[in-house]
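The data block below is run.cif; it holds mmCIF, C-alpha atoms.
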data_my_file
loop_
_atom_site.group_PDB
_atom_site.id
_atom_site.type_symbol
_atom_site.label_atom_id
_atom_site.label_comp_id
_atom_site.auth_asym_id
_atom_site.auth_seq_id
_atom_site.Cartn_x
_atom_site.Cartn_y
_atom_site.Cartn_z
ATOM 1 C CA MET A 1 10.202 49.039 -18.742
ATOM 2 C CA HIS A 2 11.094 46.057 -16.570
ATOM 3 C CA ASP A 3 12.321 42.858 -18.139
ATOM 4 C CA VAL A 4 10.080 39.845 -17.590
ATOM 5 C CA ALA A 5 11.962 36.708 -16.497
ATOM 6 C CA PRO A 6 11.372 33.594 -18.574
ATOM 7 C CA ALA A 7 8.801 31.126 -17.229
ATOM 8 C CA SER A 8 11.521 28.524 -16.617
ATOM 9 C CA GLN A 9 13.299 30.956 -14.267
ATOM 10 C CA ARG A 10 10.137 32.072 -12.486
ATOM 11 C CA LEU A 11 9.153 28.453 -11.766
ATOM 12 C CA ARG A 12 12.609 27.249 -10.816
ATOM 13 C CA LEU A 13 12.688 25.833 -7.294
ATOM 14 C CA GLY A 14 15.460 26.184 -4.788
ATOM 15 C CA LEU A 15 17.807 23.317 -3.958
ATOM 16 C CA ARG A 16 16.098 22.582 -0.659
ATOM 17 C CA ALA A 17 12.659 22.416 -2.265
ATOM 18 C CA ARG A 18 13.954 20.140 -5.038
ATOM 19 C CA VAL A 19 15.483 17.778 -2.490
ATOM 20 C CA ALA A 20 12.214 17.725 -0.523
ATOM 21 C CA LEU A 21 10.229 16.959 -3.681
ATOM 22 C CA THR A 22 12.674 14.186 -4.580
ATOM 23 C CA PHE A 23 12.261 12.657 -1.134
ATOM 24 C CA ALA A 24 8.482 12.999 -1.428
ATOM 25 C CA GLY A 25 8.520 11.166 -4.769
ATOM 26 C CA LEU A 26 10.727 8.448 -3.325
ATOM 27 C CA GLY A 27 8.473 8.132 -0.291
ATOM 28 C CA PHE A 28 5.401 7.880 -2.516
ATOM 29 C CA VAL A 29 6.965 5.119 -4.625
ATOM 30 C CA VAL A 30 8.188 3.149 -1.610
ATOM 31 C CA SER A 31 4.894 3.554 0.303
ATOM 32 C CA THR A 32 2.887 2.511 -2.742
ATOM 33 C CA CYS A 33 5.040 -0.583 -3.253
ATOM 34 C CA VAL A 34 4.703 -1.517 0.427
ATOM 35 C CA ALA A 35 0.927 -1.021 0.260
ATOM 36 C CA MET A 36 0.624 -3.168 -2.868
ATOM 37 C CA VAL A 37 2.750 -5.946 -1.349
ATOM 38 C CA ALA A 38 0.715 -5.825 1.873
ATOM 39 C CA LEU A 39 -2.542 -5.951 -0.102
ATOM 40 C CA HIS A 40 -1.275 -8.897 -2.164
ATOM 41 C CA PHE A 41 -0.200 -10.945 0.840
ATOM 42 C CA SER A 42 -3.379 -10.085 2.728
ATOM 43 C CA ASP A 43 -5.510 -11.192 -0.220
ATOM 44 C CA ALA A 44 -3.513 -14.412 -0.620
ATOM 45 C CA TYR A 45 -3.793 -15.190 3.108
ATOM 46 C CA VAL A 46 -7.538 -14.541 3.146
ATOM 47 C CA HIS A 47 -8.056 -16.817 0.150
ATOM 48 C CA ARG A 48 -6.116 -19.620 1.834
ATOM 49 C CA LEU A 49 -8.108 -19.098 5.029
ATOM 50 C CA VAL A 50 -11.430 -19.137 3.163
ATOM 51 C CA ASP A 51 -10.477 -22.294 1.270
ATOM 52 C CA GLU A 52 -9.465 -24.009 4.522
ATOM 53 C CA MET A 53 -12.710 -23.007 6.234
ATOM 54 C CA LEU A 54 -14.716 -24.279 3.279
ATOM 55 C CA ARG A 55 -12.794 -27.531 3.175
ATOM 56 C CA VAL A 56 -13.135 -28.304 6.880
ATOM 57 C CA GLU A 57 -16.781 -27.311 7.207
ATOM 58 C CA GLY A 58 -17.715 -28.782 3.827
ATOM 59 C CA GLU A 59 -16.198 -32.171 4.607
ATOM 60 C CA HIS A 60 -18.021 -32.221 7.947
ATOM 61 C CA LEU A 61 -21.348 -31.402 6.300
ATOM 62 C CA ARG A 62 -20.723 -33.956 3.547
ATOM 63 C CA ASP A 63 -19.943 -36.744 6.021
ATOM 64 C CA ARG A 64 -23.036 -35.925 8.039
ATOM 65 C CA PHE A 65 -25.177 -35.749 4.928
ATOM 66 C CA VAL A 66 -23.910 -39.135 3.698
ATOM 67 C CA LEU A 67 -24.533 -40.637 7.146
ATOM 68 C CA ASP A 68 -28.125 -39.519 7.780
ATOM 69 C CA GLY A 69 -29.142 -37.527 4.685
ATOM 70 C CA ARG A 70 -29.666 -34.340 6.685
ATOM 71 C CA LEU A 71 -28.138 -30.892 6.441
ATOM 72 C CA SER A 72 -27.215 -28.588 9.291
ATOM 73 C CA ASN A 73 -30.189 -27.562 11.387
ATOM 74 C CA PRO A 74 -30.374 -24.754 12.404
ATOM 75 C CA PRO A 75 -28.567 -23.209 9.401
ATOM 76 C CA LEU A 76 -24.982 -22.118 9.907
ATOM 77 C CA ARG A 77 -24.353 -18.397 10.366
ATOM 78 C CA HIS A 78 -21.749 -17.847 7.662
ATOM 79 C CA PHE A 79 -22.516 -20.810 5.399
ATOM 80 C CA ASP A 80 -25.330 -21.610 2.992
ATOM 81 C CA VAL A 81 -25.796 -25.256 2.073
ATOM 82 C CA TYR A 82 -27.586 -26.528 -1.053
ATOM 83 C CA THR A 83 -28.184 -29.952 -2.500
ATOM 84 C CA ASN A 84 -29.628 -31.332 -5.723
ATOM 85 C CA THR A 85 -31.618 -34.041 -3.939
ATOM 86 C CA PRO A 86 -35.432 -33.946 -4.223
ATOM 87 C CA GLY A 87 -36.916 -31.946 -1.372
ATOM 88 C CA GLY A 88 -33.633 -30.160 -0.661
ATOM 89 C CA THR A 89 -32.725 -26.546 -1.313
ATOM 90 C CA ALA A 90 -31.547 -26.378 -4.929
ATOM 91 C CA PRO A 91 -28.390 -24.367 -5.635
ATOM 92 C CA PRO A 92 -28.538 -21.131 -7.650
ATOM 93 C CA SER A 93 -28.116 -21.542 -11.383
ATOM 94 C CA GLN A 94 -24.549 -20.158 -11.314
ATOM 95 C CA MET A 95 -23.499 -23.006 -8.996
ATOM 96 C CA ALA A 96 -25.474 -25.925 -10.353
ATOM 97 C CA ALA A 97 -22.953 -26.736 -13.099
ATOM 98 C CA LEU A 98 -19.844 -26.531 -10.896
ATOM 99 C CA ALA A 99 -17.661 -29.617 -10.648
ATOM 100 C CA PRO A 100 -16.562 -30.996 -7.258
ATOM 101 C CA GLY A 101 -13.870 -28.853 -5.649
ATOM 102 C CA LEU A 102 -13.338 -25.306 -4.426
ATOM 103 C CA HIS A 103 -14.562 -22.431 -6.568
ATOM 104 C CA GLU A 104 -14.676 -18.641 -6.516
ATOM 105 C CA ILE A 105 -17.469 -17.186 -8.621
ATOM 106 C CA THR A 106 -19.337 -13.926 -9.048
ATOM 107 C CA VAL A 107 -23.083 -13.788 -8.466
ATOM 108 C CA ASP A 108 -25.595 -10.978 -8.175
ATOM 109 C CA GLN A 109 -24.584 -10.377 -4.540
ATOM 110 C CA GLY A 110 -20.892 -10.209 -5.397
ATOM 111 C CA GLU A 111 -18.009 -12.644 -5.037
ATOM 112 C CA VAL A 112 -18.704 -15.951 -3.270
ATOM 113 C CA HIS A 113 -16.642 -19.029 -2.423
ATOM 114 C CA VAL A 114 -18.214 -22.406 -3.079
ATOM 115 C CA ALA A 115 -17.154 -25.930 -2.140
ATOM 116 C CA VAL A 116 -18.835 -28.701 -4.137
ATOM 117 C CA TYR A 117 -18.851 -32.305 -2.893
ATOM 118 C CA ASP A 118 -20.202 -35.587 -4.152
ATOM 119 C CA ALA A 119 -22.261 -37.091 -1.338
ATOM 120 C CA GLY A 120 -23.297 -40.540 -2.517
ATOM 121 C CA SER A 121 -25.718 -40.078 -5.368
ATOM 122 C CA SER A 122 -26.234 -36.418 -4.491
ATOM 123 C CA ARG A 123 -24.146 -33.317 -4.754
ATOM 124 C CA LEU A 124 -23.581 -30.861 -1.920
ATOM 125 C CA TYR A 125 -22.880 -27.133 -2.359
ATOM 126 C CA VAL A 126 -21.402 -25.246 0.592
ATOM 127 C CA VAL A 127 -21.252 -21.457 0.142
ATOM 128 C CA LEU A 128 -19.284 -19.188 2.474
ATOM 129 C CA ASP A 129 -20.635 -15.706 3.141
ATOM 130 C CA VAL A 130 -17.676 -13.313 2.715
ATOM 131 C CA ALA A 131 -19.572 -10.058 3.258
ATOM 132 C CA GLU A 132 -17.611 -9.310 6.448
ATOM 133 C CA GLU A 133 -14.360 -10.039 4.624
ATOM 134 C CA SER A 134 -15.312 -7.581 1.890
ATOM 135 C CA THR A 135 -15.804 -4.921 4.577
ATOM 136 C CA ARG A 136 -12.404 -5.772 6.051
ATOM 137 C CA GLU A 137 -10.767 -5.448 2.624
ATOM 138 C CA ARG A 138 -12.297 -1.996 2.151
ATOM 139 C CA HIS A 139 -10.987 -0.912 5.554
ATOM 140 C CA LEU A 140 -7.547 -2.308 4.713
ATOM 141 C CA ALA A 141 -7.496 -0.458 1.378
ATOM 142 C CA ARG A 142 -8.443 2.781 3.147
ATOM 143 C CA ASP A 143 -5.686 2.294 5.718
ATOM 144 C CA LEU A 144 -3.125 1.558 3.008
ATOM 145 C CA ILE A 145 -4.092 4.711 1.104
ATOM 146 C CA ALA A 146 -3.591 6.656 4.326
ATOM 147 C CA LEU A 147 -0.209 4.945 4.699
ATOM 148 C CA VAL A 148 0.834 6.115 1.232
ATOM 149 C CA PHE A 149 -0.096 9.740 2.003
ATOM 150 C CA LEU A 150 1.580 9.580 5.405
ATOM 151 C CA GLY A 151 4.747 8.054 3.932
ATOM 152 C CA THR A 152 4.865 10.711 1.231
ATOM 153 C CA ALA A 153 4.364 13.563 3.701
ATOM 154 C CA LEU A 154 6.932 12.146 6.124
ATOM 155 C CA SER A 155 9.473 11.702 3.333
ATOM 156 C CA ALA A 156 8.933 15.278 2.163
ATOM 157 C CA TRP A 157 9.432 16.576 5.707
ATOM 158 C CA LEU A 158 12.581 14.500 6.185
ATOM 159 C CA GLY A 159 13.896 15.693 2.820
ATOM 160 C CA TRP A 160 13.226 19.308 3.748
ATOM 161 C CA ALA A 161 14.936 18.913 7.144
ATOM 162 C CA TRP A 162 17.866 16.972 5.735
ATOM 163 C CA ALA A 163 18.363 19.409 2.861
ATOM 164 C CA GLY A 164 18.386 22.321 5.299
ATOM 165 C CA ARG A 165 21.245 20.739 7.242
ATOM 166 C CA ALA A 166 23.060 19.621 4.094
ATOM 167 C CA ILE A 167 23.087 23.016 2.376
ATOM 168 C CA GLU A 168 23.744 25.072 5.512
ATOM 169 C CA PRO A 169 27.512 25.310 4.759
ATOM 170 C CA VAL A 170 26.721 26.517 1.248
ATOM 171 C CA ARG A 171 24.361 29.168 2.581
ATOM 172 C CA ARG A 172 26.929 30.265 5.164
ATOM 173 C CA LEU A 173 29.627 30.482 2.499
ATOM 174 C CA ALA A 174 27.319 32.478 0.236
ATOM 175 C CA GLY A 175 26.601 34.887 3.082
ATOM 176 C CA GLN A 176 30.286 35.408 3.794
ATOM 177 C CA VAL A 177 31.112 35.938 0.127
ATOM 178 C CA GLU A 178 28.252 38.412 -0.224
ATOM 179 C CA VAL A 179 29.687 40.772 2.402
ATOM 180 C CA LEU A 180 33.327 40.201 1.456
ATOM 181 C CA GLU A 181 35.099 43.445 0.512
ATOM 182 C CA PRO A 182 38.826 42.695 0.085
ATOM 183 C CA PRO A 183 39.848 46.240 -0.989
ATOM 184 C CA ARG A 184 38.493 47.729 2.264
ATOM 185 C CA HIS A 185 39.021 45.039 4.890
ATOM 186 C CA GLY A 186 41.657 42.790 3.386
ATOM 187 C CA ALA A 187 41.169 39.262 2.122
ATOM 188 C CA THR A 188 39.981 37.127 5.054
ATOM 189 C CA PRO A 189 40.480 33.412 4.265
ATOM 190 C CA LEU A 190 37.201 31.520 4.017
ATOM 191 C CA ALA A 191 38.432 27.912 3.735
ATOM 192 C CA PRO A 192 39.449 27.426 7.420
ATOM 193 C CA GLY A 193 35.822 27.745 8.467
ATOM 194 C CA PHE A 194 34.623 24.802 6.360
ATOM 195 C CA ALA A 195 35.246 21.072 6.168
ATOM 196 C CA ALA A 196 37.562 19.565 3.592
ATOM 197 C CA ASP A 197 34.745 18.660 1.214
ATOM 198 C CA GLU A 198 33.172 20.156 -1.899
ATOM 199 C CA VAL A 199 32.104 23.266 0.008
ATOM 200 C CA GLY A 200 35.620 23.623 1.419
ATOM 201 C CA LYS A 201 37.052 23.412 -2.083
ATOM 202 C CA LEU A 202 34.643 26.096 -3.202
ATOM 203 C CA ALA A 203 35.812 28.295 -0.287
ATOM 204 C CA GLN A 204 39.423 27.678 -1.307
ATOM 205 C CA ALA A 205 38.551 28.750 -4.851
ATOM 206 C CA PHE A 206 37.091 32.016 -3.499
ATOM 207 C CA ASP A 207 40.216 32.540 -1.405
ATOM 208 C CA ARG A 208 42.436 32.096 -4.435
ATOM 209 C CA TYR A 209 40.224 34.450 -6.424
#
Write-out of the structure in structure tokens:
Amino acid sequence: MHDVAPASQRLRLGLRARVALTFAGLGFVVSTCVAMVALHFSDAYVHRLVDEMLRVEGEHLRDRFVLDGRLSNPPLRHFDVYTNTPGGTAPPSQMAALAPGLHEITVDQGEVHVAVYDAGSSRLYVVLDVAEESTRERHLARDLIALVFLGTALSAWLGWAWAGRAIEPVRRLAGQVEVLEPPRHGATPLAPGFAADEVGKLAQAFDRY
């Protein structure tokens, strides 16, 4: 009856595989950190860009509204403009209570950016449509996820290749020791064929043995 090896021995990986897995884990961590940093800076840049667009366009619309009491006609492509003046387009209820300044709120359609201005006795609400930006953020997130998988796979491959080169002297020494038969062929020194490193010291130990 054959002995069954313990589970820990059956699942034990070789040195090369362990090095490759270590590199893969390192690559995953580094790629994830890079992706998170890139996403953070991209989000911060977009928010600054949106705020600047709202400020510039909002101040222009406010000055025009104060001058002649009219809003943009025809309507702007990416902006919606509301006012609380009689006869004007009233703002949605989520925006009506906002104080003057730049705001980021959530409505039924999603996240919107709003600039509120006092225009004489009236109040002006300029809303930027960020639907295209939301699409861009989804594409960026998809690309960053792909970057994480690619970085992990590349790190695993590099670890596997590097480990193969690193342990080659050990494998060569093991092969020479396996066929060594001192009683029949004499003791052939092993150390001269290896560098003066840990593997060379191991070869010297075999020679002394």
Please enumerate the residues selected by the PyMOL selection byres ((chain A and resi 118) around 12) when evaluated against the supplied file, formatted as a PyMOL selection string. chain A and resi 58-59+61-63+65-66+83-85+98-101+115-117+119-126
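The interatomic distance for the pair atom CA of A:Ala35 and atom CA of A:Arg138 works out to 13.4 Å.
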Selection: 12 Å around stretch 151-168 of chain A, all atoms listed in the file, excl. self and same-chain fewer than 2 positions, as a PyMOL selection string: chain A and resi 14-35+144-149+170-175+194+198-199
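Restricting the calculation to only C-alpha atoms, the smallest distance between A:Pro92 and any of A:Glu57, A:Asp80, A:Glu104, A:Asp129 is found for A:Asp80.
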Exercise on stretch 147-162 of chain A, axis-aligned box with 6 Å per side, report centre and edge lengths in Å to one decimal, as JSON:
{"center_x": 8.8, "center_y": 12.1, "center_z": 4.2, "size_x": 30.1, "size_y": 26.4, "size_z": 17.9}
State, in Å with one decimal place, the distance from atom CA of A:Lys201 to atom CA of A:Thr188. 15.7 Å
re atom CA of A:Ala44 and atom CA of A:Ala97: distance 26.2 Å
Across A:Asp207, A:Val114, A:Glu137, A:Pro169, the smallest distance to A:Tyr45, with only C-alpha atoms counted, is shown by A:Glu137
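Considering all atoms listed in the file, the residue among A:Val56, A:Val127, A:Met36, A:Val112 positioned nearest to A:Asp143 is A:Met36.
Each of A:Gln204, A:Pro189, A:Phe41, A:Leu102 was checked against A:Arg55 using only C-alpha atoms; the smallest atom-to-atom distance is that of A:Leu102.
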